[in-house]
>>> print(open('work-v3.pdb').read())   # PDB, C-alpha atoms
ATOM      1  CA  MET S   1       0.000   0.000   0.000
ATOM      2  CA  SER S   2       2.539   2.559  -1.101
ATOM      3  CA  SER S   3       1.628   6.194  -1.790
ATOM      4  CA  SER S   4       3.190   9.112  -3.611
ATOM      5  CA  SER S   5       6.552  10.537  -2.677
ATOM      6  CA  ASN S   6       6.754  12.486   0.515
ATOM      7  CA  PRO S   7       8.172  16.007   0.029
ATOM      8  CA  SER S   8       9.793  15.885   3.452
ATOM      9  CA  GLY S   9      11.891  12.955   2.272
ATOM     10  CA  ALA S  10      13.068  14.638  -0.919
ATOM     11  CA  GLY S  11      16.773  14.938  -1.499
ATOM     12  CA  ALA S  12      19.767  13.181  -2.954
ATOM     13  CA  VAL S  13      20.016   9.421  -2.529
ATOM     14  CA  SER S  14      22.938   8.355  -0.360
ATOM     15  CA  GLY S  15      24.104   5.290   1.483
ATOM     16  CA  GLN S  16      22.657   6.677   4.704
ATOM     17  CA  THR S  17      19.208   7.537   3.303
ATOM     18  CA  TYR S  18      18.587   4.639   0.890
ATOM     19  CA  GLY S  19      16.506   1.987   2.618
ATOM     20  CA  ALA S  20      16.232   3.962   5.857
ATOM     21  CA  ILE S  21      12.894   3.315   7.593
ATOM     22  CA  ASN S  22      10.915   5.896   9.545
ATOM     23  CA  ALA S  23       8.075   4.049  11.297
ATOM     24  CA  SER S  24       4.966   5.289  13.104
ATOM     25  CA  THR S  25       2.444   3.454  15.309
ATOM     26  CA  THR S  26      -0.624   5.431  14.186
ATOM     27  CA  ASP S  27      -3.768   3.375  13.504
ATOM     28  CA  HIS S  28      -5.387   3.608  10.040
ATOM     29  CA  TRP S  29      -8.545   2.363   8.357
ATOM     30  CA  MET S  30      -8.408   0.579   4.994
ATOM     31  CA  ILE S  31     -11.580   0.834   2.891
ATOM     32  CA  ARG S  32     -11.977  -1.284  -0.235
ATOM     33  CA  LEU S  33     -13.654   0.772  -2.986
ATOM     34  CA  PRO S  34     -15.676  -0.480  -5.990
ATOM     35  CA  ASN S  35     -13.628  -0.414  -9.199
ATOM     36  CA  ARG S  36     -15.786   2.282 -10.833
ATOM     37  CA  LEU S  37     -15.485   4.612  -7.842
ATOM     38  CA  ALA S  38     -11.756   3.971  -7.458
ATOM     39  CA  SER S  39     -11.071   4.749 -11.131
ATOM     40  CA  ALA S  40     -13.161   7.956 -10.997
ATOM     41  CA  TRP S  41     -11.225   9.208  -7.976
ATOM     42  CA  GLU S  42      -7.898   8.159  -9.503
ATOM     43  CA  GLU S  43      -8.593   9.979 -12.791
ATOM     44  CA  ALA S  44      -9.736  13.192 -11.068
ATOM     45  CA  PRO S  45      -7.103  15.965 -11.128
ATOM     46  CA  GLU S  46      -5.320  17.003  -7.954
ATOM     47  CA  GLY S  47      -7.404  19.328  -5.788
ATOM     48  CA  THR S  48     -10.779  17.879  -6.852
ATOM     49  CA  VAL S  49     -13.327  17.458  -4.034
ATOM     50  CA  LEU S  50     -14.088  13.736  -4.097
ATOM     51  CA  GLY S  51     -16.934  13.410  -1.607
ATOM     52  CA  THR S  52     -18.095  13.426   1.997
ATOM     53  CA  LEU S  53     -17.667  10.764   4.711
ATOM     54  CA  THR S  54     -20.603  10.821   7.181
ATOM     55  CA  PHE S  55     -20.775   9.086  10.581
ATOM     56  CA  THR S  56     -24.373   8.537  11.823
ATOM     57  CA  LYS S  57     -24.876   7.608  15.460
ATOM     58  CA  GLY S  58     -27.365   4.842  16.190
ATOM     59  CA  GLY S  59     -30.033   4.758  18.931
ATOM     60  CA  THR S  60     -31.555   2.193  21.256
ATOM     61  CA  SER S  61     -35.157   3.345  21.877
ATOM     62  CA  SER S  62     -37.532   6.318  21.668
ATOM     63  CA  ASN S  63     -37.134   7.163  25.391
ATOM     64  CA  SER S  64     -33.348   6.806  25.468
ATOM     65  CA  GLY S  65     -32.990  10.440  26.567
ATOM     66  CA  GLN S  66     -34.710   9.754  29.926
ATOM     67  CA  PRO S  67     -32.977   8.483  33.075
ATOM     68  CA  ALA S  68     -32.410   4.732  33.299
ATOM     69  CA  ALA S  69     -34.807   4.266  36.275
ATOM     70  CA  LYS S  70     -37.625   6.103  34.502
ATOM     71  CA  ARG S  71     -37.083   4.199  31.247
ATOM     72  CA  GLN S  72     -37.783   0.925  33.070
ATOM     73  CA  LYS S  73     -41.147   2.200  34.343
ATOM     74  CA  VAL S  74     -42.427   3.493  31.031
ATOM     75  CA  GLY S  75     -44.890   0.970  29.641
ATOM     76  CA  ALA S  76     -45.103   2.369  26.067
ATOM     77  CA  PRO S  77     -43.374   0.219  23.489
ATOM     78  CA  SER S  78     -40.035   1.592  22.334
ATOM     79  CA  SER S  79     -38.920   1.873  18.754
ATOM     80  CA  ALA S  80     -36.549  -0.708  17.256
ATOM     81  CA  PRO S  81     -32.889   0.041  17.899
ATOM     82  CA  SER S  82     -30.929   1.498  14.986
ATOM     83  CA  SER S  83     -27.267   0.774  14.412
ATOM     84  CA  SER S  84     -24.590   3.328  13.671
ATOM     85  CA  LYS S  85     -23.511   3.613  10.060
ATOM     86  CA  ILE S  86     -20.873   5.243   7.905
ATOM     87  CA  THR S  87     -21.710   6.498   4.417
ATOM     88  CA  ILE S  88     -19.785   8.043   1.520
ATOM     89  CA  THR S  89     -21.467  10.637  -0.716
ATOM     90  CA  ILE S  90     -19.773  11.603  -3.994
ATOM     91  CA  ASP S  91     -19.330  15.332  -4.598
ATOM     92  CA  PRO S  92     -22.110  16.637  -6.923
ATOM     93  CA  ALA S  93     -19.623  18.209  -9.355
ATOM     94  CA  LEU S  94     -17.895  14.869  -9.833
ATOM     95  CA  ALA S  95     -21.174  12.945 -10.032
ATOM     96  CA  GLU S  96     -22.665  15.255 -12.697
ATOM     97  CA  SER S  97     -19.784  14.580 -15.086
ATOM     98  CA  GLN S  98     -20.169  10.781 -14.831
ATOM     99  CA  LEU S  99     -23.765   9.664 -15.180
ATOM    100  CA  ASP S 100     -23.069   5.985 -14.493
ATOM    101  CA  LEU S 101     -21.300   6.641 -11.184
ATOM    102  CA  PRO S 102     -23.519   5.972  -8.112
ATOM    103  CA  PHE S 103     -23.158   8.734  -5.536
ATOM    104  CA  ASN S 104     -24.236   7.009  -2.304
ATOM    105  CA  TYR S 105     -22.197   4.218  -0.681
ATOM    106  CA  SER S 106     -22.261   2.506   2.706
ATOM    107  CA  LEU S 107     -19.447   0.793   4.561
ATOM    108  CA  GLU S 108     -20.098  -2.896   5.125
ATOM    109  CA  ALA S 109     -18.203  -5.779   6.760
ATOM    110  CA  MET S 110     -16.427  -3.457   9.186
ATOM    111  CA  SER S 111     -13.790  -5.430  11.073
ATOM    112  CA  LYS S 112     -13.264  -4.816  14.779
ATOM    113  CA  LYS S 113      -9.652  -5.915  14.843
ATOM    114  CA  THR S 114      -6.961  -6.896  12.370
ATOM    115  CA  ASN S 115      -3.820  -8.971  12.755
ATOM    116  CA  GLY S 116      -1.644  -5.863  12.413
ATOM    117  CA  ASN S 117       0.190  -7.121   9.303
ATOM    118  CA  LEU S 118      -0.961  -4.308   6.976
ATOM    119  CA  HIS S 119       1.153  -1.127   6.964
ATOM    120  CA  PRO S 120       0.654   1.874   4.593
ATOM    121  CA  PHE S 121       3.992   3.325   3.520
ATOM    122  CA  THR S 122       5.590   5.938   1.268
ATOM    123  CA  ARG S 123       8.761   5.700  -0.793
ATOM    124  CA  ASN S 124      10.639   8.971  -0.394
ATOM    125  CA  GLY S 125      12.694  10.709  -3.023
ATOM    126  CA  ASN S 126      15.920  10.039  -1.140
ATOM    127  CA  GLY S 127      15.365   6.272  -1.157
ATOM    128  CA  GLY S 128      13.996   6.048   2.367
ATOM    129  CA  VAL S 129      10.703   4.479   3.415
ATOM    130  CA  SER S 130       8.147   6.081   5.744
ATOM    131  CA  ILE S 131       5.771   3.616   7.416
ATOM    132  CA  HIS S 132       2.723   5.640   8.464
ATOM    133  CA  GLY S 133       1.372   3.111  10.956
ATOM    134  CA  GLN S 134      -0.726  -0.029  10.815
ATOM    135  CA  VAL S 135      -4.219  -0.846   9.553
ATOM    136  CA  SER S 136      -6.428  -1.374  12.578
ATOM    137  CA  ARG S 137      -9.810  -1.730  10.851
ATOM    138  CA  THR S 138     -11.002  -2.658   7.370
ATOM    139  CA  ALA S 139     -14.296  -2.235   5.532
ATOM    140  CA  SER S 140     -15.832  -2.489   2.075
ATOM    141  CA  ALA S 141     -17.698   0.372   0.381
ATOM    142  CA  GLN S 142     -20.840  -0.830  -1.404
ATOM    143  CA  VAL S 143     -23.521   0.990  -3.365
ATOM    144  CA  ALA S 144     -26.307   2.034  -0.967
ATOM    145  CA  ASN S 145     -29.368  -0.216  -1.325
ATOM    146  CA  GLY S 146     -31.825   2.646  -0.862
ATOM    147  CA  ASN S 147     -33.646   1.182   2.161
ATOM    148  CA  GLY S 148     -33.987   4.491   3.934
ATOM    149  CA  SER S 149     -36.699   6.934   5.001
ATOM    150  CA  ASN S 150     -39.404   8.241   2.679
ATOM    151  CA  THR S 151     -37.732  11.649   2.500
ATOM    152  CA  ALA S 152     -34.739  10.056   0.792
ATOM    153  CA  ASN S 153     -36.745   8.155  -1.844
ATOM    154  CA  ALA S 154     -35.873  10.575  -4.663
ATOM    155  CA  SER S 155     -32.161  10.360  -3.924
ATOM    156  CA  SER S 156     -32.363   6.578  -3.587
ATOM    157  CA  ASP S 157     -34.142   6.252  -6.941
ATOM    158  CA  ALA S 158     -31.490   8.403  -8.639
ATOM    159  CA  ASN S 159     -28.726   6.335  -7.059
ATOM    160  CA  THR S 160     -30.427   3.119  -8.211
ATOM    161  CA  THR S 161     -30.743   4.494 -11.758
ATOM    162  CA  ARG S 162     -27.037   5.299 -11.846
ATOM    163  CA  TYR S 163     -26.199   1.819 -10.584
ATOM    164  CA  ARG S 164     -28.329   0.267 -13.328
ATOM    165  CA  ASN S 165     -26.531   2.399 -15.922
ATOM    166  CA  LEU S 166     -23.221   1.181 -14.517
ATOM    167  CA  LEU S 167     -24.297  -2.455 -14.836
ATOM    168  CA  LYS S 168     -25.582  -1.820 -18.355
ATOM    169  CA  ASN S 169     -22.314  -0.209 -19.475
ATOM    170  CA  ARG S 170     -20.311  -2.990 -17.860
ATOM    171  CA  LEU S 171     -22.354  -5.572 -19.771
ATOM    172  CA  LEU S 172     -21.839  -3.693 -23.058
ATOM    173  CA  ASP S 173     -18.101  -3.428 -22.446
ATOM    174  CA  THR S 174     -17.823  -7.169 -21.942
ATOM    175  CA  SER S 175     -20.054  -8.135 -24.880
ATOM    176  CA  VAL S 176     -18.825  -5.672 -27.548
ATOM    177  CA  ASN S 177     -15.340  -6.250 -28.957
ATOM    178  CA  SER S 178     -12.906  -3.318 -29.043
ATOM    179  CA  LYS S 179     -14.984  -0.319 -28.006
ATOM    180  CA  ARG S 180     -12.098   2.159 -28.059
ATOM    181  CA  PHE S 181      -9.189   0.639 -29.952
ATOM    182  CA  VAL S 182      -8.886   0.609 -33.748
ATOM    183  CA  GLN S 183      -8.243  -2.837 -35.172
ATOM    184  CA  PRO S 184      -6.765  -3.379 -38.658
ATOM    185  CA  HIS S 185      -9.203  -4.874 -41.161
ATOM    186  CA  SER S 186      -8.420  -8.274 -42.594
ATOM    187  CA  ASP S 187     -10.255 -10.322 -45.217
ATOM    188  CA  ALA S 188      -9.300 -13.503 -43.427
ATOM    189  CA  ALA S 189     -11.673 -14.834 -40.813
ATOM    190  CA  PRO S 190     -10.571 -14.007 -37.260
ATOM    191  CA  GLN S 191      -8.824 -16.865 -35.541
ATOM    192  CA  ALA S 192      -8.114 -17.525 -31.903
ATOM    193  CA  SER S 193      -4.597 -16.585 -30.818
ATOM    194  CA  LYS S 194      -2.119 -19.322 -29.958
ATOM    195  CA  ALA S 195      -2.169 -18.238 -26.313
ATOM    196  CA  ALA S 196      -5.978 -18.507 -26.176
ATOM    197  CA  THR S 197      -5.931 -21.949 -27.772
ATOM    198  CA  PHE S 198      -3.215 -23.097 -25.408
ATOM    199  CA  ALA S 199      -5.099 -21.715 -22.386
ATOM    200  CA  ALA S 200      -8.253 -23.536 -23.445
ATOM    201  CA  SER S 201      -6.326 -26.780 -23.757
ATOM    202  CA  LEU S 202      -4.804 -26.371 -20.289
ATOM    203  CA  GLY S 203      -8.042 -25.414 -18.569
ATOM    204  CA  THR S 204      -7.753 -24.333 -14.950
ATOM    205  CA  GLY S 205      -4.831 -24.557 -12.572
ATOM    206  CA  PHE S 206      -1.354 -23.077 -12.572
ATOM    207  CA  GLY S 207      -0.679 -23.876 -16.253
ATOM    208  CA  GLY S 208      -3.934 -22.239 -17.292
ATOM    209  CA  SER S 209      -3.099 -19.111 -15.292
ATOM    210  CA  VAL S 210       0.284 -18.798 -16.986
ATOM    211  CA  ALA S 211      -1.293 -19.234 -20.416
ATOM    212  CA  GLN S 212      -3.968 -16.637 -19.632
ATOM    213  CA  PHE S 213      -1.228 -14.161 -18.652
ATOM    214  CA  GLY S 214       0.553 -14.823 -21.952
ATOM    215  CA  LYS S 215      -2.693 -14.252 -23.836
ATOM    216  CA  LYS S 216      -3.145 -10.857 -22.151
ATOM    217  CA  VAL S 217       0.385  -9.827 -23.158
ATOM    218  CA  LEU S 218      -0.207 -10.822 -26.792
ATOM    219  CA  ASP S 219      -3.593  -9.092 -26.874
ATOM    220  CA  ALA S 220      -2.045  -5.895 -25.471
ATOM    221  CA  LYS S 221       0.543  -5.906 -28.281
ATOM    222  CA  GLU S 222      -2.230  -6.330 -30.853
ATOM    223  CA  ARG S 223      -4.215  -3.423 -29.401
ATOM    224  CA  GLN S 224      -1.069  -1.281 -29.372
ATOM    225  CA  LYS S 225      -1.003  -1.346 -33.188
ATOM    226  CA  GLY S 226      -4.230   0.672 -33.244
ATOM    227  CA  PHE S 227      -2.566   3.716 -31.678
ATOM    228  CA  GLY S 228      -0.589   4.561 -34.815
ATOM    229  CA  VAL S 229       2.791   4.102 -33.116
ATOM    230  CA  GLU S 230       5.425   1.488 -33.718
ATOM    231  CA  GLU S 231       5.717  -1.413 -31.314
ATOM    232  CA  VAL S 232       8.366  -0.564 -28.750
ATOM    233  CA  THR S 233      10.188  -2.622 -26.187
ATOM    234  CA  GLY S 234      12.892  -1.819 -23.732
ATOM    235  CA  PRO S 235      13.518  -0.733 -20.171
ATOM    236  CA  PRO S 236      11.184   1.638 -18.283
ATOM    237  CA  ILE S 237      11.413   5.339 -19.114
ATOM    238  CA  ILE S 238      13.071   7.085 -16.159
ATOM    239  CA  GLY S 239      13.402  10.820 -15.539
ATOM    240  CA  ALA S 240      10.945  13.698 -15.949
ATOM    241  CA  ASP S 241      12.561  14.951 -19.187
ATOM    242  CA  ASN S 242      12.405  11.527 -20.828
ATOM    243  CA  VAL S 243       8.779  11.015 -19.744
ATOM    244  CA  ARG S 244       7.857  14.470 -21.052
ATOM    245  CA  SER S 245       9.536  13.775 -24.421
ATOM    246  CA  LYS S 246       7.676  10.482 -24.794
ATOM    247  CA  LEU S 247       4.343  12.171 -23.988
ATOM    248  CA  PHE S 248       4.955  14.862 -26.617
ATOM    249  CA  GLU S 249       5.760  12.111 -29.126
ATOM    250  CA  LEU S 250       2.504  10.281 -28.381
ATOM    251  CA  PHE S 251       0.400  13.478 -28.469
ATOM    252  CA  SER S 252       1.788  14.160 -31.946
ATOM    253  CA  LYS S 253       0.038  10.947 -33.060
ATOM    254  CA  ARG S 254      -3.316  11.511 -31.357
ATOM    255  CA  VAL S 255      -5.122  14.476 -29.765
ATOM    256  CA  PHE S 256      -6.915  12.787 -26.864
ATOM    257  CA  TRP S 257      -5.374  10.207 -24.541
ATOM    258  CA  SER S 258      -6.218   8.524 -21.277
ATOM    259  CA  VAL S 259      -3.434   7.619 -18.857
ATOM    260  CA  LYS S 260      -4.053   3.937 -19.448
ATOM    261  CA  ASP S 261      -3.768   4.347 -23.230
ATOM    262  CA  LEU S 262      -0.555   6.368 -22.935
ATOM    263  CA  ILE S 263       1.096   3.688 -20.826
ATOM    264  CA  MET S 264      -0.072   0.951 -23.182
ATOM    265  CA  ALA S 265       1.084   2.858 -26.300
ATOM    266  CA  SER S 266       4.545   3.191 -24.738
ATOM    267  CA  GLY S 267       4.738  -0.558 -24.318
ATOM    268  CA  GLY S 268       4.230  -0.227 -20.574
ATOM    269  CA  ARG S 269       7.449   1.769 -20.218
ATOM    270  CA  LEU S 270       5.904   5.016 -18.919
ATOM    271  CA  PRO S 271       5.638   5.149 -15.091
ATOM    272  CA  GLU S 272       2.064   5.985 -14.098
ATOM    273  CA  LYS S 273       2.912   8.318 -11.232
ATOM    274  CA  GLU S 274       5.332  10.543 -13.187
ATOM    275  CA  THR S 275       3.019  10.462 -16.203
ATOM    276  CA  ARG S 276       0.104  11.869 -14.204
ATOM    277  CA  GLU S 277       2.268  14.581 -12.626
ATOM    278  CA  ILE S 278       3.603  15.805 -15.984
ATOM    279  CA  LEU S 279       0.157  15.636 -17.624
ATOM    280  CA  ARG S 280      -1.124  18.154 -15.071
ATOM    281  CA  ASP S 281       1.492  20.632 -16.366
ATOM    282  CA  ILE S 282       1.265  20.095 -20.129
ATOM    283  CA  ALA S 283      -2.317  18.930 -20.753
ATOM    284  CA  ASP S 284      -5.956  19.707 -19.909
ATOM    285  CA  TYR S 285      -8.252  17.075 -18.363
ATOM    286  CA  HIS S 286     -11.789  16.685 -19.797
ATOM    287  CA  ARG S 287     -14.309  15.972 -17.060
ATOM    288  CA  GLN S 288     -17.337  15.703 -19.329
ATOM    289  CA  GLY S 289     -18.379  15.570 -22.955
ATOM    290  CA  GLU S 290     -17.365  13.213 -25.743
ATOM    291  CA  HIS S 291     -13.768  12.952 -24.481
ATOM    292  CA  ARG S 292     -14.585  12.536 -20.785
ATOM    293  CA  ASN S 293     -11.734  11.250 -18.581
ATOM    294  CA  MET S 294      -9.156  11.998 -21.290
ATOM    295  CA  TRP S 295      -6.252  14.436 -21.592
ATOM    296  CA  GLU S 296      -5.599  16.984 -24.354
ATOM    297  CA  LEU S 297      -2.314  18.841 -24.869
ATOM    298  CA  LYS S 298      -2.418  22.546 -23.979
ATOM    299  CA  GLY S 299      -2.418  25.058 -26.814
ATOM    300  CA  GLU S 300       1.107  26.373 -26.318
ATOM    301  CA  PHE S 301       2.534  22.846 -26.507
ATOM    302  CA  LYS S 302       0.453  21.995 -29.579
ATOM    303  CA  SER S 303       2.041  24.871 -31.477
ATOM    304  CA  SER S 304       5.514  23.723 -30.423
ATOM    305  CA  ILE S 305       4.873  20.206 -31.714
ATOM    306  CA  ALA S 306       3.477  21.584 -34.994
ATOM    307  CA  ALA S 307       6.552  23.766 -35.472
ATOM    308  CA  THR S 308       8.867  20.830 -34.790
ATOM    309  CA  ASP S 309       7.031  18.640 -37.297
ATOM    310  CA  SER S 310       7.201  21.340 -39.992
ATOM    311  CA  ASN S 311      10.955  21.828 -39.467
ATOM    312  CA  SER S 312      11.622  18.110 -39.682
TER     313      SER S 312
END
>>> encode(input="work-v3.pdb", output="structure tokens")
Amino acid sequence: MSSSSNPSGAGAVSGQTYGAINASTTDHWMIRLPNRLASAWEEAPEGTVLGTLTFTKGGTSSNSGQPAAKRQKVGAPSSAPSSSKITITIDPALAESQLDLPFNYSLEAMSKKTNGNLHPFTRNGNGGVSIHGQVSRTASAQVANGNGSNTANASSDANTTRYRNLLKNRLLDTSVNSKRFVQPHSDAAPQASKAATFAASLGTGFGGSVAQFGKKVLDAKERQKGFGVEEVTGPPIIGADNVRSKLFELFSKRVFWSVKDLIMASGGRLPEKETREILRDIADYHRQGEHRNMWELKGEFKSSIAATDSNS
């Protein structure tokens, strides 16, 4: 569970700093998010308000505010006890730009105690590691089921509609081949790849898992051809200047890119963290419209690329 670099740990790497550990005993909560919510938060630019975390205190009975002795004498039936709950509400600005993103979630399967083996940490710029503490409780965020009061029926119906749209889009994505990538046309009938045939022959088990991994690698190379760039292999691209140069090269081929597509078009050589940081400086993020969740190069950099292409 590593996070981004800690500015306090920035500096030159030395024998004293590399691998040095700075540990804390602070308790943390780890919440597992649905994939759609996690990707929406990950794609949002830095500084975006993501949502609100609400703690609601539960009650025991309708006369709980009276003294204990008097509560025992009251003969009127008390209301059913309500349990405490924790909910997550997506920020309206973020929810409006993504119509298939449910905006109400509840935390379920809250653990009371963990084994203390989970530790969030940060890799610092000087090679050191900061351990922020240990995970003391875990939970899973799930789409709210809408079983609330009558005053919240409208919000529950809207949340249910968004969840249905999410399921519909997920079904379309799995049933329609190549929604985003351009595939070269061939007169020959499509045939199963060697990796797919081999995986089918192996079935389940360790051998099948290895074959499935090989199939994914081959399929990624085939999809890479649709980006209009040559197939590239080699070591990871390291350094801000090298990452920036590669991004300019890719933006000269296409106008709109997502982070996932940029990494795939580079043959997996672009580091995701540095790519996102540089994109915030050289490109604009589209939150809505036809190119939602995609990046477009800023105007001043477009003119520079055009001038370079004309000179070459």
>>> atom_distance(input="work-v3.pdb", atom1="atom CA of Tyr285 of chain S", atom2="atom CA of Lys260 of chain S")
13.8 Å
>>> axis_aligned_box(input="work-v3.pdb", around="segment 49-53 of chain S", padding_each_side="4 Å", output="AutoDock Vina command-line options")
--center_x -15.7 --center_y 14.1 --center_z 0.3 --size_x 12.8 --size_y 14.7 --size_z 16.8
>>> resolve_selection(input="work-v3.pdb", expression="the PyMOL selection byres ((chain S and resi 129) around 9)", output="count of residues only")
16
>>> closest_residue(input="work-v3.pdb", among="S:Leu172, S:Leu37, S:Val135, S:Ile31", to="Ala109 of chain S", atoms="all atoms listed in the file")
S:Ile31
>>> resolve_selection(input="work-v3.pdb", expression="the PyMOL selection byres ((chain S and resi 27) around 6)", output="ChimeraX atom specification")
/S:26,28,133-136
>>> atom_distance(input="work-v3.pdb", atom1="atom CA of Glu42 of chain S", atom2="atom CA of Asn293 of chain S")
10.3 Å
>>> build_atoms(input="work-v3.pdb", residues="segment 97-114 of chain S", atoms="N, CA and C atoms", output="PDB file, in the frame of the given file")
ATOM      1  N   SER S  97     -20.586  14.844 -13.889  1.00  0.00           N
ATOM      2  CA  SER S  97     -19.784  14.580 -15.086  1.00  0.00           C
ATOM      3  C   SER S  97     -19.725  13.106 -15.447  1.00  0.00           C
ATOM      4  N   GLN S  98     -20.223  12.224 -14.582  1.00  0.00           N
ATOM      5  CA  GLN S  98     -20.169  10.781 -14.831  1.00  0.00           C
ATOM      6  C   GLN S  98     -21.514  10.186 -14.437  1.00  0.00           C
ATOM      7  N   LEU S  99     -22.378  10.025 -15.437  1.00  0.00           N
ATOM      8  CA  LEU S  99     -23.765   9.664 -15.180  1.00  0.00           C
ATOM      9  C   LEU S  99     -23.947   8.224 -14.740  1.00  0.00           C
ATOM     10  N   ASP S 100     -22.935   7.374 -14.929  1.00  0.00           N
ATOM     11  CA  ASP S 100     -23.069   5.985 -14.493  1.00  0.00           C
ATOM     12  C   ASP S 100     -22.354   5.722 -13.174  1.00  0.00           C
ATOM     13  N   LEU S 101     -21.992   6.790 -12.468  1.00  0.00           N
ATOM     14  CA  LEU S 101     -21.300   6.641 -11.184  1.00  0.00           C
ATOM     15  C   LEU S 101     -22.287   6.847 -10.039  1.00  0.00           C
ATOM     16  N   PRO S 102     -22.650   5.781  -9.286  1.00  0.00           N
ATOM     17  CA  PRO S 102     -23.519   5.972  -8.112  1.00  0.00           C
ATOM     18  C   PRO S 102     -22.875   6.924  -7.110  1.00  0.00           C
ATOM     19  N   PHE S 103     -23.722   7.726  -6.421  1.00  0.00           N
ATOM     20  CA  PHE S 103     -23.158   8.734  -5.536  1.00  0.00           C
ATOM     21  C   PHE S 103     -23.361   8.438  -4.055  1.00  0.00           C
ATOM     22  N   ASN S 104     -24.046   7.362  -3.709  1.00  0.00           N
ATOM     23  CA  ASN S 104     -24.236   7.009  -2.304  1.00  0.00           C
ATOM     24  C   ASN S 104     -23.680   5.610  -2.043  1.00  0.00           C
ATOM     25  N   TYR S 105     -22.821   5.489  -1.039  1.00  0.00           N
ATOM     26  CA  TYR S 105     -22.197   4.218  -0.681  1.00  0.00           C
ATOM     27  C   TYR S 105     -22.270   4.053   0.837  1.00  0.00           C
ATOM     28  N   SER S 106     -22.295   2.815   1.276  1.00  0.00           N
ATOM     29  CA  SER S 106     -22.261   2.506   2.706  1.00  0.00           C
ATOM     30  C   SER S 106     -21.113   1.553   2.981  1.00  0.00           C
ATOM     31  N   LEU S 107     -20.548   1.661   4.170  1.00  0.00           N
ATOM     32  CA  LEU S 107     -19.447   0.793   4.561  1.00  0.00           C
ATOM     33  C   LEU S 107     -20.003  -0.473   5.201  1.00  0.00           C
ATOM     34  N   GLU S 108     -19.621  -1.611   4.648  1.00  0.00           N
ATOM     35  CA  GLU S 108     -20.098  -2.896   5.125  1.00  0.00           C
ATOM     36  C   GLU S 108     -18.906  -3.745   5.554  1.00  0.00           C
ATOM     37  N   ALA S 109     -19.217  -4.813   6.298  1.00  0.00           N
ATOM     38  CA  ALA S 109     -18.203  -5.779   6.760  1.00  0.00           C
ATOM     39  C   ALA S 109     -17.064  -5.083   7.500  1.00  0.00           C
ATOM     40  N   MET S 110     -17.433  -4.167   8.399  1.00  0.00           N
ATOM     41  CA  MET S 110     -16.427  -3.457   9.186  1.00  0.00           C
ATOM     42  C   MET S 110     -15.789  -4.425  10.192  1.00  0.00           C
ATOM     43  N   SER S 111     -14.497  -4.553  10.138  1.00  0.00           N
ATOM     44  CA  SER S 111     -13.790  -5.430  11.073  1.00  0.00           C
ATOM     45  C   SER S 111     -13.516  -4.683  12.373  1.00  0.00           C
ATOM     46  N   LYS S 112     -13.542  -5.419  13.480  1.00  0.00           N
ATOM     47  CA  LYS S 112     -13.264  -4.816  14.779  1.00  0.00           C
ATOM     48  C   LYS S 112     -11.784  -4.863  15.136  1.00  0.00           C
ATOM     49  N   LYS S 113     -11.074  -5.793  14.524  1.00  0.00           N
ATOM     50  CA  LYS S 113      -9.652  -5.915  14.843  1.00  0.00           C
ATOM     51  C   LYS S 113      -8.965  -6.658  13.707  1.00  0.00           C
ATOM     52  N   THR S 114      -7.752  -6.229  13.394  1.00  0.00           N
ATOM     53  CA  THR S 114      -6.961  -6.896  12.370  1.00  0.00           C
ATOM     54  C   THR S 114      -5.731  -7.526  13.019  1.00  0.00           C
TER      55      THR S 114
END
